[in-house]
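The data block below is model01.cif; it holds mmCIF, C-alpha atoms.
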data_structure
loop_
_atom_site.label_atom_id
_atom_site.label_comp_id
_atom_site.auth_asym_id
_atom_site.auth_seq_id
_atom_site.Cartn_x
_atom_site.Cartn_y
_atom_site.Cartn_z
CA MET E 1 78.30 105.10 91.90
CA PRO E 2 75.75 102.90 93.76
CA ASP E 3 76.97 99.52 94.99
CA LEU E 4 74.21 97.93 92.91
CA LEU E 5 76.33 98.35 89.83
CA HIS E 6 79.11 96.25 91.34
CA THR E 7 76.91 93.25 92.03
CA THR E 8 75.42 90.54 89.90
CA SER E 9 71.93 91.56 88.79
CA LYS E 10 69.18 89.01 88.32
CA LEU E 11 67.06 90.31 85.48
CA GLY E 12 63.61 89.34 84.32
CA ILE E 13 61.07 90.61 81.81
CA ALA E 14 57.27 90.44 82.07
CA CYS E 15 54.56 91.08 79.49
CA VAL E 16 51.68 93.45 80.34
CA ASN E 17 48.36 92.87 78.54
CA GLY E 18 44.61 93.29 78.88
CA ARG E 19 44.30 90.82 81.74
CA ASP E 20 46.72 92.93 83.76
CA VAL E 21 44.66 96.06 83.13
CA LEU E 22 41.46 94.31 84.18
CA GLY E 23 43.00 92.94 87.38
CA GLU E 24 45.21 95.99 88.01
CA SER E 25 48.16 93.64 88.45
CA ASP E 26 51.47 94.73 89.94
CA LYS E 27 52.95 94.69 86.43
CA TYR E 28 50.31 97.12 85.18
CA ILE E 29 50.76 99.43 88.19
CA HIS E 30 54.55 99.39 87.70
CA LEU E 31 54.13 100.24 84.00
CA LYS E 32 51.83 103.16 84.76
CA ARG E 33 54.16 104.55 87.42
CA LEU E 34 57.28 104.23 85.28
CA ILE E 35 55.62 106.07 82.40
CA ALA E 36 54.15 108.77 84.67
CA ASP E 37 57.67 109.46 85.97
CA HIS E 38 58.50 111.03 82.58
CA ASP E 39 55.99 113.86 82.89
CA ASP E 40 58.79 116.39 83.33
CA MET E 41 60.21 115.44 79.92
CA TYR E 42 56.86 114.73 78.23
CA PRO E 43 54.13 116.90 79.82
CA GLY E 44 50.77 115.12 79.77
CA ILE E 45 52.24 111.65 79.33
CA ASP E 46 49.87 110.36 82.01
CA ARG E 47 46.91 111.44 79.86
CA TRP E 48 48.45 109.62 76.89
CA PHE E 49 48.66 106.50 79.03
CA ASP E 50 45.02 106.72 80.13
CA ARG E 51 43.64 107.60 76.69
CA LYS E 52 45.83 105.44 74.45
CA VAL E 53 47.88 102.82 76.28
CA LYS E 54 45.30 101.53 78.74
CA PRO E 55 42.50 100.96 76.18
CA GLY E 56 45.05 99.62 73.67
CA LEU E 57 46.22 97.00 76.15
CA GLN E 58 42.59 96.05 76.81
CA THR E 59 41.79 95.53 73.12
CA GLY E 60 45.11 93.89 72.22
CA GLU E 61 46.05 96.80 69.95
CA ARG E 62 49.04 97.42 72.20
CA ILE E 63 51.35 95.29 74.32
CA ALA E 64 53.84 96.37 76.96
CA PHE E 65 56.90 94.93 78.68
CA ILE E 66 58.46 95.59 82.08
CA GLY E 67 62.08 94.80 82.92
CA TYR E 68 63.00 93.97 86.52
CA ASP E 69 66.15 93.71 88.55
CA ALA E 70 64.88 91.25 91.15
CA ALA E 71 61.55 92.89 92.10
CA VAL E 72 62.55 96.44 91.13
CA PRO E 73 61.12 97.72 87.80
CA ILE E 74 63.89 99.27 85.68
CA VAL E 75 62.62 99.22 82.06
CA SER E 76 59.27 100.07 80.47
CA SER E 77 58.18 99.70 76.84
CA VAL E 78 54.96 99.94 74.85
CA VAL E 79 54.28 98.72 71.30
CA LYS E 80 51.32 99.41 69.00
CA ILE E 81 50.51 96.37 66.86
CA ASP E 82 49.33 97.06 63.31
CA GLY E 83 50.41 96.79 59.69
CA ASP E 84 52.19 100.09 60.32
CA SER E 85 53.35 99.27 63.84
CA LYS E 86 54.82 101.74 66.30
CA PHE E 87 57.37 101.48 69.07
CA CYS E 88 55.53 103.92 71.32
CA HIS E 89 57.76 104.04 74.35
CA LEU E 90 61.04 102.63 75.67
CA HIS E 91 62.86 103.82 78.75
CA ILE E 92 65.75 102.14 80.56
CA ASP E 93 66.94 103.21 84.00
CA GLU E 94 70.17 105.13 83.36
CA ARG E 95 72.13 102.77 85.66
CA TYR E 96 71.45 99.87 83.28
CA ARG E 97 72.05 101.46 79.90
CA GLU E 98 75.39 99.78 79.23
CA MET E 99 73.99 96.25 79.55
CA GLN E 100 72.56 95.79 76.02
CA LEU E 101 69.02 95.84 77.39
CA GLY E 102 68.07 98.19 74.56
CA GLU E 103 68.88 95.41 72.09
CA VAL E 104 66.80 92.92 74.06
CA PHE E 105 63.77 95.21 74.24
CA PHE E 106 63.97 96.31 70.60
CA SER E 107 64.13 92.61 69.68
CA MET E 108 61.15 91.80 71.91
CA MET E 109 59.16 94.70 70.50
CA SER E 110 59.96 93.48 66.99
CA LEU E 111 58.78 89.98 67.85
CA ALA E 112 55.56 91.43 69.29
CA VAL E 113 54.63 92.95 65.91
CA SER E 114 56.20 90.30 63.68
CA ARG E 115 52.95 88.62 62.64
CA SER E 116 51.23 91.80 61.44
CA ALA E 117 53.74 94.54 60.64
CA THR E 118 54.83 95.58 57.18
CA ARG E 119 56.44 98.77 58.52
CA VAL E 120 57.64 99.97 61.91
CA HIS E 121 58.04 103.57 63.05
CA PHE E 122 58.76 105.60 66.15
CA THR E 123 59.54 109.18 67.10
CA LEU E 124 62.36 110.43 69.29
CA PRO E 125 63.94 113.73 70.34
CA GLU E 126 66.56 115.10 67.98
CA GLY E 127 69.17 114.94 70.75
CA LEU E 128 68.59 111.22 71.33
CA TRP E 129 68.99 110.48 67.63
CA SER E 130 72.31 112.37 67.63
CA GLU E 131 73.55 110.37 70.63
CA GLN E 132 72.29 106.92 69.65
CA LYS E 133 71.92 106.93 65.87
CA GLU E 134 74.29 103.95 65.45
CA PHE E 135 72.08 101.86 67.74
CA PHE E 136 68.94 102.69 65.74
CA LYS E 137 70.74 102.14 62.43
CA SER E 138 71.79 98.69 63.66
CA PHE E 139 68.06 97.80 63.74
CA GLY E 140 67.40 98.99 60.19
CA PHE E 141 66.34 102.59 60.92
CA ALA E 142 68.77 104.32 58.60
CA THR E 143 67.48 107.91 58.71
CA ALA E 144 65.34 110.27 60.76
CA ARG E 145 63.26 113.21 59.52
CA ASN E 146 61.34 115.98 61.22
CA ALA E 147 58.04 114.69 62.61
CA HIS E 148 56.64 118.25 62.94
CA VAL E 149 55.59 117.63 66.54
CA ASN E 150 57.20 118.57 69.85
CA TYR E 151 56.52 116.08 72.62
CA ARG E 152 59.49 117.31 74.66
CA PRO E 153 59.79 121.08 75.18
CA GLY E 154 62.73 122.65 73.39
CA GLN E 155 63.56 119.74 71.08
CA ASP E 156 62.31 118.80 67.63
CA GLU E 157 60.83 115.33 67.40
CA LEU E 158 62.18 113.11 64.62
CA LEU E 159 60.42 110.24 62.83
CA CYS E 160 62.21 106.96 62.07
CA THR E 161 60.54 104.50 59.68
CA SER E 162 61.68 101.15 58.29
CA ASN E 163 60.34 98.21 56.35
CA PHE E 164 59.69 95.46 58.89
CA GLN E 165 61.79 92.91 57.01
CA ALA E 166 64.83 95.15 57.39
CA VAL E 167 64.15 95.44 61.11
CA TRP E 168 63.67 91.72 61.51
CA GLN E 169 66.81 90.81 59.57
CA SER E 170 68.70 93.09 61.95
CA VAL E 171 67.17 91.26 64.93
CA ILE E 172 68.16 87.89 63.48
CA ALA E 173 71.74 89.13 63.01
CA LYS E 174 71.88 90.02 66.70
CA ILE E 175 70.59 86.66 67.94
CA PRO E 176 73.99 84.99 68.53
CA LYS E 177 75.19 87.96 70.61
CA LEU E 178 71.97 88.06 72.64
CA ILE E 179 72.20 84.35 73.38
CA GLU E 180 75.84 84.71 74.42
CA ARG E 181 75.15 87.76 76.58
CA PHE E 182 71.98 86.60 78.34
CA SER E 183 71.87 83.12 79.78
CA THR E 184 68.62 81.54 80.92
CA ASP E 185 67.83 79.47 83.99
CA GLU E 186 70.30 76.60 84.31
CA SER E 187 67.51 74.09 84.96
CA THR E 188 66.12 74.91 81.51
CA SER E 189 69.41 74.81 79.60
CA ASN E 190 70.28 71.46 81.25
CA GLY E 191 66.79 70.06 80.73
CA LEU E 192 64.82 68.39 77.98
CA LEU E 193 62.85 69.40 74.93
CA MET E 194 59.85 67.06 74.78
CA SER E 195 57.35 66.62 71.95
CA ILE E 196 53.79 66.43 73.30
CA LYS E 197 50.67 66.42 71.14
CA SER E 198 49.00 69.81 71.27
CA ASP E 199 45.81 68.63 73.01
CA HIS E 200 47.86 67.07 75.82
CA ALA E 201 50.27 70.03 75.91
CA ASN E 202 47.34 72.40 76.42
CA LYS E 203 45.98 70.24 79.24
CA ILE E 204 49.35 70.39 81.00
CA LEU E 205 49.64 74.15 80.59
CA TYR E 206 46.07 74.76 81.81
CA GLY E 207 46.51 72.48 84.82
CA ASN E 208 44.23 69.66 83.60
CA LYS E 209 47.01 67.09 83.18
CA ARG E 210 49.65 66.56 85.85
CA VAL E 211 51.16 63.25 84.72
CA GLU E 212 52.83 62.50 81.37
CA ILE E 213 53.30 58.87 80.35
CA ARG E 214 56.40 57.62 78.53
CA LYS E 215 57.44 54.13 77.46
CA LYS E 216 61.10 54.88 78.27
CA PHE E 217 62.48 57.40 80.72
CA SER E 218 65.09 57.88 83.45
CA ARG E 219 64.89 59.04 87.04
CA GLU E 220 68.00 61.16 86.42
CA TRP E 221 65.66 63.90 85.17
CA ILE E 222 63.85 64.37 88.48
CA GLY E 223 64.02 68.06 89.38
CA ARG E 224 64.89 69.12 85.82
CA THR E 225 62.82 71.21 83.42
CA ILE E 226 60.91 70.04 80.36
CA VAL E 227 60.44 72.59 77.58
CA ILE E 228 57.25 71.54 75.80
CA TYR E 229 57.21 71.40 72.01
CA SER E 230 53.51 71.29 71.15
CA SER E 231 53.42 69.05 68.08
CA ASP E 232 50.87 68.21 65.34
CA LYS E 233 48.43 71.15 65.10
CA GLN E 234 50.46 73.89 66.84
CA GLN E 235 54.13 73.10 66.11
CA LYS E 236 55.56 75.61 68.57
CA LEU E 237 57.36 75.95 71.90
CA ALA E 238 54.43 76.21 74.29
CA GLY E 239 55.78 76.35 77.84
CA GLN E 240 57.78 74.53 80.46
CA VAL E 241 57.23 72.29 83.50
CA ARG E 242 59.39 70.68 86.18
CA ILE E 243 59.66 66.92 86.66
CA ALA E 244 58.75 66.50 90.33
CA ASN E 245 59.08 62.70 90.31
CA VAL E 246 59.24 59.66 88.03
CA VAL E 247 57.25 56.54 88.92
CA SER E 248 57.49 53.28 86.96
CA GLY E 249 55.23 50.24 86.92
CA THR E 250 53.02 48.06 84.78
CA PRO E 251 50.51 49.90 82.60
CA GLU E 252 47.73 48.61 84.85
CA SER E 253 49.33 49.78 88.12
CA VAL E 254 50.22 53.20 86.73
CA TRP E 255 46.69 53.69 85.41
CA GLU E 256 45.16 52.63 88.72
CA ARG E 257 47.30 55.14 90.62
CA PHE E 258 47.22 58.17 88.28
CA ASN E 259 44.22 57.78 85.96
CA THR E 260 42.56 61.08 86.98
CA GLU E 261 45.80 63.02 86.38
CA ILE E 262 46.89 61.55 83.03
CA GLY E 263 44.37 63.58 81.03
CA CYS E 264 43.04 60.92 78.66
CA SER E 265 40.54 58.07 78.51
CA ALA E 266 41.39 54.51 79.54
CA ALA E 267 41.03 53.42 75.91
CA GLU E 268 43.54 56.04 74.74
CA TYR E 269 45.96 55.21 77.55
CA PHE E 270 45.98 51.43 77.00
CA SER E 271 46.20 51.89 73.23
CA TYR E 272 49.52 53.67 73.89
CA ALA E 273 50.88 51.67 76.87
CA GLY E 274 49.05 48.37 76.98
CA ASN E 275 51.59 46.22 75.10
CA HIS E 276 54.52 47.16 77.37
CA HIS E 277 55.66 45.47 80.56
CA GLN E 278 56.64 48.80 82.12
CA VAL E 279 55.76 52.47 81.63
CA PHE E 280 56.98 55.66 83.30
CA ALA E 281 54.77 58.31 84.88
CA LEU E 282 56.33 61.79 84.92
CA LEU E 283 54.79 63.82 87.75
CA LEU E 284 54.78 67.48 86.71
CA ASP E 285 54.68 70.77 88.61
CA SER E 286 55.84 74.41 88.29
CA VAL E 287 53.95 74.97 85.03
CA VAL E 288 54.94 78.09 83.02
CA PRO E 289 53.00 78.71 79.77
CA TYR E 290 54.84 80.93 77.28
CA GLU E 291 52.81 84.07 76.54
CA ARG E 292 54.63 84.41 73.22
CA SER E 293 56.41 81.52 71.56
CA LEU E 294 58.40 80.63 68.47
CA THR E 295 56.84 78.33 65.92
CA LEU E 296 58.76 75.57 64.14
CA THR E 297 58.81 77.69 60.98
CA GLU E 298 60.30 80.62 62.89
CA ALA E 299 62.81 78.37 64.66
CA ARG E 300 64.08 77.11 61.31
CA LYS E 301 64.47 80.69 60.07
CA TYR E 302 66.44 81.89 63.07
CA SER E 303 68.85 79.00 63.65
CA SER E 304 71.97 78.19 61.68
CA GLN E 305 71.53 74.57 62.77
CA ARG E 306 69.16 71.96 61.40
CA ILE E 307 65.94 72.09 63.45
CA THR E 308 63.91 68.88 63.67
CA PRO E 309 61.34 68.21 66.41
CA PRO E 310 62.30 65.22 68.57
CA GLN E 311 60.23 62.07 68.18
CA SER E 312 59.95 61.85 71.97
CA TYR E 313 62.50 64.12 73.69
CA CYS E 314 66.10 65.31 73.43
CA ARG E 315 68.72 66.67 75.82
CA LEU E 316 69.23 70.38 75.21
CA THR E 317 72.90 70.04 76.15
CA GLU E 318 73.32 67.71 73.14
CA ASN E 319 71.23 69.66 70.60
CA LYS E 320 72.83 73.02 69.86
CA GLY E 321 70.12 74.16 67.46
CA TRP E 322 67.22 73.62 69.83
CA ALA E 323 69.25 74.91 72.79
CA GLU E 324 69.74 78.20 70.94
CA ILE E 325 66.07 78.41 69.97
CA VAL E 326 64.88 77.68 73.53
CA THR E 327 67.21 80.39 74.86
CA LEU E 328 66.08 82.84 72.18
CA ASN E 329 62.42 82.07 72.86
CA GLU E 330 62.87 82.80 76.57
CA ILE E 331 64.75 86.03 75.88
CA LEU E 332 62.26 87.37 73.33
CA ALA E 333 59.16 86.18 75.17
CA GLY E 334 60.38 87.56 78.49
CA GLN E 335 60.18 84.17 80.22
CA PHE E 336 63.72 84.19 81.55
CA THR E 337 65.96 85.29 84.35
CA ALA E 338 69.58 86.11 83.70
CA LYS E 339 72.54 86.90 85.89
CA ILE E 340 74.64 89.69 84.47
CA ASP E 341 77.74 91.24 85.97
CA VAL E 342 77.18 94.99 85.86
CA GLY E 343 80.31 96.00 87.75
#

In structure tokens, how does this file's structure come out?
Amino acid sequence: MPDLLHTTSKLGIACVNGRDVLGESDKYIHLKRLIADHDDMYPGIDRWFDRKVKPGLQTGERIAFIGYDAAVPIVSSVVKIDGDSKFCHLHIDERYREMQLGEVFFSMMSLAVSRSATRVHFTLPEGLWSEQKEFFKSFGFATARNAHVNYRPGQDELLCTSNFQAVWQSVIAKIPKLIERFSTDESTSNGLLMSIKSDHANKILYGNKRVEIRKKFSREWIGRTIVIYSSDKQQKLAGQVRIANVVSGTPESVWERFNTEIGCSAAEYFSYAGNHHQVFALLLDSVVPYERSLTLTEARKYSSQRITPPQSYCRLTENKGWAEIVTLNEILAGQFTAKIDVG
């Protein structure tokens, strides 16, 4: 057995979409190569990729995910998004199949179709259903019937279909185990959840605002991560940034030093800060927008805890409900790295 399996693997997941196709990104090239590697099992799969997957990614009809161990691609998946959605492809490197990555990717694929699907279906070889039927049943796919096609020579292809609500309830039931199994970056779990109005949140995530102003703050958070809750219009987890530094001063001195980086007019700034003797400027870097994110409504569905957005910010170590939701969001959206002992 390779030594790799007796080390600690650092796993990550990336989304592949139309922008990756247009720019022929590394993620897109990795996806194409991983799928082409299955031509011996599924003759012509490269033509399927060129005719179906590539244009589907360009139009948004399909979305794909790549799993990495460090920089090495080890998992590929493709989903077709529709009312009758399809899990088109999922393959996990055989060395990683005992690590519950199947549950992570099925959960991510379910999240990808959650806003449109009423049903979900997929096909699989009869032999795979016989080997893994308990796994598929655990996601709400109770039975499989003959699909009357043969993608893989010598084996009948079976069709699994389920109401999406049954699939999603199965995903929700797995959430505690996924959170326990896959930990996210320590700087995130030990960081803050901060409410920021959606207009300002968008400016941060698009690089047009590099300083956030607060009336009260502490320098203890320098170097830590802020998870941004985009409030008012959006009401969702939108992304994360690192606090590079914290500078305090009078409203006038802070404005004079950072006015071009605060992302608002002088009138708006002094309306917020003008009556205080001291304000705090949070200098932000390492911006990571979430490509997919949980809304407040979804967060309240998926957590057993009471979920209330913070008025300003809260410590994730002291708010179990939001800590779980932030971890879940990173797992399902692929914006996470996790160390897992695979020995």

Practice task
Using the chain letters and numbering of this document, enumerate as a list of chain:residue names the residues selected by the PyMOL selection byres ((chain E and resi 231) around 8).
Solution key: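 For this structure, the PyMOL selection byres ((chain E and resi 231) around 8) resolves to E:Ser195, E:Ile196, E:Lys197, E:Ser198, E:Tyr229, E:Ser230, E:Asp232, E:Lys233, E:Gln234, E:Gln235, E:Lys236.
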
Exercise for the section: Using all atoms listed in the file, find all polymer residues with an atom at most 7 Å away from the point (51.0, 63.3, 81.0); report them as a PyMOL selection string. Expected result: chain E and resi 209-213+262-263+282

Exercise for the section: Using the chain letters and residue numbers of this document, give as a PyMOL selection string the residues selected by the PyMOL selection byres ((chain E and resi 327) around 8). Expected result: chain E and resi 179+183-184+189+323-326+328-331

Exercise for the section: Please identify all polymer residues within 6 Å of stretch 138-151 of chain E, counting all atoms listed in the file, omitting same-chain residues fewer than 6 positions from it, and present them as a list in words. Expected result: Tyr42, Glu157, Leu158, Leu159, Cys160, Ser162, Ala166, Val167 and Ser170 of chain E

Would you put the residues from that selection into a file with C-alpha atoms, as a tab-separated table (two decimals), in the frame of the given file?
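File produced: part-v4.tsv:
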chain	number	residue	atom	x	y	z
E	42	TYR	CA	56.86	114.73	78.23
E	157	GLU	CA	60.83	115.33	67.40
E	158	LEU	CA	62.18	113.11	64.62
E	159	LEU	CA	60.42	110.24	62.83
E	160	CYS	CA	62.21	106.96	62.07
E	162	SER	CA	61.68	101.15	58.29
E	166	ALA	CA	64.83	95.15	57.39
E	167	VAL	CA	64.15	95.44	61.11
E	170	SER	CA	68.70	93.09	61.95

Handout entry: Among listed residues E:Glu131, E:Asp69, E:Asp37, E:Glu61, nearest E:His91 (using only C-alpha atoms)
Key = E:Asp37

Exercise for the section: Find the residues around E:Arg292 up to 12 Å (only C-alpha atoms counted), leave out those fewer than 5 positions away in its own chain, and share them as a ChimeraX atom specification. Expected result: /E:14-17,63,108-109,111-115,236-239,328-335

Problem - Counting all atoms listed in the file, the residue of E:Ser110, E:Ser76, E:Val254, E:Gly60 that sits nearest E:Gln165 - result: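 Nearest to E:Gln165: E:Ser110.
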
Handout entry: Selection under test: the PyMOL selection byres ((chain E and resi 276) around 8); residues as a PyMOL selection string
Key = chain E and resi 215+250-251+273-275+277-279

Exercise for the section: Report the distance between atom CA of E:Lys54 and atom CA of E:Val21 in Å, rounded to one decimal place. Expected result: 7.0 Å

Handout entry: Point-to-point distance in Å for atom CA of E:Met41 and atom CA of E:Phe136
Key =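 Atom CA of E:Phe136 sits 21.0 Å away from atom CA of E:Met41.
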
Problem - Selection: 12 Å around E:Leu90, only C-alpha atoms, excl. self and same-chain fewer than 6 positions, as a PyMOL selection string - result: chain E and resi 31+34-35+38+64-67+74-79+97+101-106+108-109+122-124

Practice task
Write out as number ranges by chain the residues lying within 9 Å of stretch 312-322 of chain E, counting all atoms listed in the file and excluding same-chain residues fewer than 3 positions away.
Solution key: E: 188-196, 214, 299, 303-309, 325-327

Problem - Contacts of E:Ser85 at 7 Å (all atoms listed in the file; same-chain gap of 4+ positions) as number ranges by chain - result: E: 80-81, 113, 117, 119-121

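Using all atoms listed in the file, the nearest neighbour of E:Ile222 within the list E:Leu284, E:Ile175, E:Leu11, E:Ile204 is E:Leu284.
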